[in-house]
file entry-v2.cif (mmCIF, C-alpha atoms)
data_data
loop_
_atom_site.label_atom_id
_atom_site.label_comp_id
_atom_site.auth_asym_id
_atom_site.auth_seq_id
_atom_site.Cartn_x
_atom_site.Cartn_y
_atom_site.Cartn_z
CA MET A 622 12.73 38.64 -14.32
CA ALA A 623 13.25 42.34 -13.65
CA ARG A 624 16.96 41.76 -13.05
CA ALA A 625 17.27 39.67 -16.23
CA ILE A 626 15.49 42.35 -18.28
CA ALA A 627 17.88 44.93 -16.82
CA GLY A 628 20.78 42.89 -18.24
CA ASP A 629 21.77 40.76 -15.26
CA GLN A 630 22.99 37.57 -16.94
CA ALA A 631 23.25 35.72 -13.62
CA ALA A 632 19.55 36.38 -13.03
CA TYR A 633 18.74 34.94 -16.45
CA GLY A 634 20.95 31.98 -15.57
CA GLU A 635 18.79 31.41 -12.49
CA LEU A 636 15.66 31.36 -14.70
CA VAL A 637 17.34 28.89 -17.04
CA ALA A 638 18.29 26.63 -14.14
CA ARG A 639 14.78 26.81 -12.66
CA TYR A 640 12.85 26.12 -15.89
CA THR A 641 15.12 23.85 -17.96
CA ALA A 642 13.57 20.58 -16.79
CA LEU A 643 10.02 21.82 -17.40
CA ALA A 644 10.97 23.23 -20.80
CA HIS A 645 12.63 19.94 -21.77
CA ARG A 646 9.61 17.90 -20.67
CA THR A 647 7.34 20.28 -22.62
CA ALA A 648 9.37 19.98 -25.81
CA TYR A 649 9.55 16.21 -25.51
CA LEU A 650 5.85 15.78 -24.85
CA LEU A 651 4.90 18.16 -27.66
CA GLY A 652 6.77 15.92 -30.09
CA ALA A 653 10.42 17.01 -30.18
CA GLY A 654 11.53 13.58 -28.99
CA ALA A 655 15.30 13.19 -29.03
CA ASP A 656 15.64 16.77 -30.29
CA ALA A 657 14.07 18.20 -27.11
CA GLY A 658 17.45 19.39 -25.80
CA ASP A 659 18.13 21.35 -28.99
CA VAL A 660 14.62 22.82 -28.93
CA VAL A 661 15.06 23.94 -25.31
CA GLN A 662 18.45 25.49 -25.98
CA GLU A 663 17.07 27.43 -28.95
CA ALA A 664 14.03 28.49 -26.91
CA PHE A 665 16.18 29.90 -24.10
CA VAL A 666 18.35 31.78 -26.62
CA LYS A 667 15.23 33.25 -28.27
CA ALA A 668 13.73 34.10 -24.88
CA TYR A 669 16.91 35.94 -23.92
CA ARG A 670 16.84 37.90 -27.17
CA LYS A 671 13.16 38.76 -26.61
CA LEU A 672 13.47 39.84 -22.96
CA GLY A 673 12.63 43.38 -24.05
CA THR A 674 9.22 42.21 -25.27
CA PHE A 675 8.31 40.52 -21.96
CA LYS A 676 5.40 42.27 -20.26
CA PRO A 677 6.16 42.80 -16.56
CA GLU A 678 2.61 41.81 -15.52
CA ALA A 679 2.93 38.48 -17.36
CA ASP A 680 4.04 35.18 -15.87
CA PHE A 681 7.43 33.90 -17.09
CA LYS A 682 6.52 30.18 -17.22
CA PRO A 683 3.76 30.35 -19.88
CA TRP A 684 5.76 32.96 -21.82
CA LEU A 685 8.75 30.61 -21.97
CA LEU A 686 6.64 27.53 -22.71
CA LYS A 687 5.01 29.36 -25.63
CA ILE A 688 8.48 29.87 -27.10
CA VAL A 689 9.26 26.17 -26.48
CA ALA A 690 5.99 25.17 -28.19
CA ASN A 691 6.78 27.41 -31.16
CA GLU A 692 10.29 26.00 -31.46
CA THR A 693 8.82 22.49 -31.38
CA LYS A 694 6.43 23.50 -34.21
CA ASN A 695 9.40 24.90 -36.13
CA LEU A 696 11.17 21.57 -35.70
CA HIS A 697 8.17 19.73 -37.13
CA ARG A 698 7.87 22.14 -40.06
CA GLY A 699 11.54 21.67 -40.85
CA ARG A 700 11.21 17.91 -40.76
CA ARG A 701 8.19 17.97 -43.07
CA ARG A 702 9.96 20.22 -45.55
CA ARG A 703 12.84 17.79 -45.73
CA ASN A 704 10.57 14.70 -45.75
CA LEU A 705 12.20 13.44 -42.58
CA MET A 706 9.10 13.36 -40.39
CA GLU A 707 9.21 10.19 -38.32
CA LEU A 708 6.93 9.20 -35.52
CA LYS A 709 9.06 8.12 -32.60
CA LEU A 710 7.10 6.27 -29.98
CA ALA A 711 8.59 4.56 -27.02
CA THR A 712 7.81 0.87 -27.14
CA VAL A 713 7.54 -1.30 -24.12
CA THR A 714 10.12 -4.01 -24.61
CA GLU A 715 9.55 -5.80 -21.33
CA THR A 716 6.78 -8.28 -20.86
CA VAL A 717 4.18 -7.10 -18.42
CA ASP A 718 3.65 -9.13 -15.27
CA HIS A 719 0.01 -8.40 -14.46
CA ASP A 720 0.54 -9.67 -10.91
CA ASP A 721 3.10 -6.91 -10.29
CA PRO A 722 1.37 -3.52 -9.85
CA GLY A 723 4.58 -1.69 -10.77
CA THR A 724 4.74 -3.15 -14.27
CA LEU A 725 1.02 -2.59 -14.71
CA VAL A 726 1.45 1.12 -13.90
CA ASP A 727 4.44 1.38 -16.26
CA ASP A 728 2.47 -0.35 -19.03
CA SER A 729 -0.56 1.87 -18.42
CA ARG A 730 1.61 4.98 -18.55
CA ALA A 731 3.21 3.82 -21.81
CA GLN A 732 -0.23 3.09 -23.31
CA LEU A 733 -1.50 6.51 -22.23
CA LEU A 734 1.49 8.28 -23.79
CA LYS A 735 1.08 6.24 -26.96
CA ALA A 736 -2.61 7.19 -27.14
CA VAL A 737 -1.85 10.88 -26.55
CA GLN A 738 0.89 10.82 -29.19
CA SER A 739 -1.56 9.35 -31.71
CA LEU A 740 -3.82 12.41 -31.42
CA PRO A 741 -3.67 15.16 -34.06
CA GLU A 742 -1.08 17.79 -33.14
CA HIS A 743 -3.54 20.47 -31.93
CA ASP A 744 -5.27 17.95 -29.64
CA ARG A 745 -1.97 16.50 -28.40
CA GLN A 746 -0.73 19.98 -27.49
CA VAL A 747 -3.68 20.92 -25.29
CA VAL A 748 -3.77 17.51 -23.54
CA THR A 749 0.00 17.64 -22.98
CA CYS A 750 -0.03 21.15 -21.53
CA ARG A 751 -3.14 20.72 -19.42
CA TYR A 752 -2.69 17.21 -18.03
CA LEU A 753 0.88 16.00 -18.55
CA LEU A 754 2.51 19.34 -17.71
CA GLU A 755 -0.27 20.23 -15.24
CA LEU A 756 -0.71 23.78 -16.53
CA SER A 757 -3.93 25.63 -15.74
CA GLU A 758 -6.36 26.36 -18.58
CA ALA A 759 -5.13 29.98 -18.59
CA GLU A 760 -1.46 28.90 -18.73
CA THR A 761 -2.28 26.38 -21.48
CA ALA A 762 -4.04 29.10 -23.47
CA GLN A 763 -1.11 31.47 -23.03
CA THR A 764 1.49 28.80 -23.82
CA LEU A 765 -0.25 27.75 -27.04
CA GLY A 766 -1.44 31.23 -28.01
CA LEU A 767 -5.11 30.24 -27.88
CA ALA A 768 -8.26 31.63 -26.31
CA LYS A 769 -9.35 29.89 -23.08
CA GLY A 770 -12.57 28.81 -24.79
CA THR A 771 -10.56 27.18 -27.57
CA VAL A 772 -8.51 25.29 -24.99
CA LYS A 773 -11.71 24.04 -23.32
CA SER A 774 -13.31 22.90 -26.58
CA ARG A 775 -10.13 21.22 -27.84
CA LEU A 776 -9.69 19.45 -24.52
CA SER A 777 -13.25 18.19 -24.67
CA ARG A 778 -12.82 16.84 -28.21
CA ALA A 779 -9.38 15.37 -27.45
CA LEU A 780 -10.64 13.57 -24.35
CA ALA A 781 -13.57 12.22 -26.36
CA LYS A 782 -11.03 10.78 -28.84
CA LEU A 783 -8.83 9.35 -26.08
CA ARG A 784 -11.64 7.69 -24.13
CA PRO A 785 -12.32 4.84 -26.62
CA MET A 786 -8.59 4.25 -27.12
CA LEU A 787 -8.00 3.85 -23.40
CA GLU A 788 -11.15 1.77 -22.88
CA GLU A 789 -9.87 -0.60 -25.57
CA VAL A 790 -6.54 -0.92 -23.74
CA ALA A 791 -8.34 -1.56 -20.43
CA HIS A 792 -10.61 -4.12 -22.10
CA ASP A 793 -7.59 -6.03 -23.50
CA ARG A 794 -6.34 -6.64 -19.97
#

call {"tool": "encode", "arguments": {"input": "entry-v2.cif", "output": "structure tokens"}}
result
Amino acid sequence: MARAIAGDQAAYGELVARYTALAHRTAYLLGAGADAGDVVQEAFVKAYRKLGTFKPEADFKPWLLKIVANETKNLHRGRRRRNLMELKLATVTETVDHDDPGTLVDDSRAQLLKAVQSLPEHDRQVVTCRYLLELSEAETAQTLGLAKGTVKSRLSRALAKLRPMLEEVAHDR
């Protein structure tokens, strides 16, 4: 980071290479869908422009993911303004063979993602960061610009909403 801040473009290129996959997964899971690549590209451009505002004692990953989360929010705002907001959920097109554990896991994963995507945006964001991206509570708070206590309370409420949805799916099996 120090080299990138000092103007070393190759050093910034190393950061881009190291964090692109995580940034893409973050954008996708926060709702960018097929536009995740565009969101990530814009986030890295903005991060480069804001290198001067990076605090040396901070961690790069949550700083970058906060920019990705904000760019994803900007994408949603733009869609709403133009009345183009569409919910894009992956649908399972294959039939599930309940005797094959592999298809059961794939179906369970799809159902979990569908349940998470049905949550209100603020709940979906904390669940995505904390559990799907495996960020710590502190990193989740920093990424979303929230207090740690807010992350904890939102996680608690979001998990309480998810529980009955997932129990219903399990019961249908």

call {"tool": "atom_distance", "arguments": {"input": "entry-v2.cif", "atom1": "CA of Thr641 in chain A", "atom2": "CA of Gly658 in chain A"}}
result
9.3 Å

call {"tool": "resolve_selection", "arguments": {"input": "entry-v2.cif", "expression": "the PyMOL selection byres ((chain A and resi 623) around 10)", "output": "count of residues only"}}
result
12

call {"tool": "resolve_selection", "arguments": {"input": "entry-v2.cif", "expression": "the PyMOL selection byres ((chain A and resi 652) around 10)", "output": "PyMOL selection string"}}
result
chain A and resi 647-651+653-657+690+693-694+696-697+708-710+738+742+745-746+749

call {"tool": "closest_residue", "arguments": {"input": "entry-v2.cif", "among": "A:Ala638, A:Ala759, A:Val660, A:Leu754", "to": "Ala679 in chain A", "atoms": "only C-alpha atoms"}}
result
A:Ala759

call {"tool": "atom_distance", "arguments": {"input": "entry-v2.cif", "atom1": "CA of Met786 in chain A", "atom2": "CA of Lys769 in chain A"}}
result
26.0 Å

call {"tool": "residues_around", "arguments": {"input": "entry-v2.cif", "residues": "Gln662 in chain A", "least_positions_apart": "5", "cutoff": "10 Å", "atoms": "all atoms listed in the file", "output": "count of residues only"}}
result
9

call {"tool": "atom_distance", "arguments": {"input": "entry-v2.cif", "atom1": "CA of Val747 in chain A", "atom2": "CA of Ser774 in chain A"}}
result
9.9 Å

call {"tool": "resolve_selection", "arguments": {"input": "entry-v2.cif", "expression": "the PyMOL selection byres ((chain A and resi 758) around 10)", "output": "number ranges by chain"}}
result
A: 747, 750-752, 755-757, 759-764, 768-773, 776

call {"tool": "closest_residue", "arguments": {"input": "entry-v2.cif", "among": "A:Leu643, A:Leu740, A:Lys735, A:Tyr669", "to": "Pro683 in chain A", "atoms": "all atoms listed in the file"}}
result
A:Leu643
